[in-house]
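**Q** Questions regarding the structure given below will be posed in turn.
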Amino acid sequence: MSDTSEAESAFRGLFESAYSDVVRYVGRRTTDDPEDLAAEALTIAWRRWSEVPTDPMEARAYVFGVARRLILASHSRSARRSALAVRRS
């Protein structure tokens, strides 16, 4: 098996085990679309696959960490938009 197909197989396993849990995690913490943020977190994990831990539980934790940072960034964007709207009014 090639390195690429091994990586794809490992990522597929991570996706299948983590996606629905990440969607629920995101959904409890933001009003943004949880499916989009979960997909973005997993996309980032795929792009940075060499940084993702090989242990399945650590890989899940990595994805949740990425999702957490995406949620924080979303909250920051919302706060900046609100502050800008207040200044403009």
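We label chains A, B, ... in the order they appear in the structure tokens, count residues from 1 in each chain, and number ligands from 1 in the order shown.
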Determine, counting only C-alpha atoms, which protein, DNA and RNA residues have an atom within 12 Å of an atom of Thr54 in chain A; residues of the same chain fewer than 4 positions away are not included. Present the result as a list in words.
**A** Glu6, Ala7, Ala10, Phe11, Gly13, Leu14, Trp49, Ser50, Glu58, Ala59, Arg60, Ala61 and Tyr62 of chain A
**Q** What parts of range 2-88 of chain A does DSSP call alpha helix (DSSP H)? I'd like the answer as a PyMOL selection string.
**A** chain A and resi 3-27+34-47+56-88
**Q** What does the distance from CA of Phe64 in chain A to CA of Leu42 in chain A come to in Å, to one decimal?
**A**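 These two atoms are separated by 9.2 Å.
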**Q** Restricting the calculation to only C-alpha atoms, which member of A:Leu70, A:Arg48, A:Phe15, A:Val63 is positioned closest to Asp36 in chain A?
**A** A:Leu70
**Q** With distances taken over only C-alpha atoms, which of A:Arg12, A:Asp3, A:Gly27, A:Asp32 is nearest to His75 in chain A?
**A**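 Residue with the minimum atom-to-atom distance to His75 in chain A: A:Asp32.
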**Q** For the atom pair CA of Glu35 in chain A and CA of Ala83 in chain A, what is the interatomic distance in Å to one decimal place?
**A**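 CA of Glu35 in chain A sits 27.0 Å away from CA of Ala83 in chain A.
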**Q** Figure out the distance between CA of Ser78 in chain A and CA of Tyr19 in chain A, please, to one decimal in Å.
**A** 24.6 Å
**Q** Closest to Trp46 in chain A among A:Ala73, A:Val86, A:Val26, A:Val66, using only C-alpha atoms?
**A**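 Between A:Ala73, A:Val86, A:Val26, A:Val66, the residue approaching Trp46 in chain A most closely is A:Val66.
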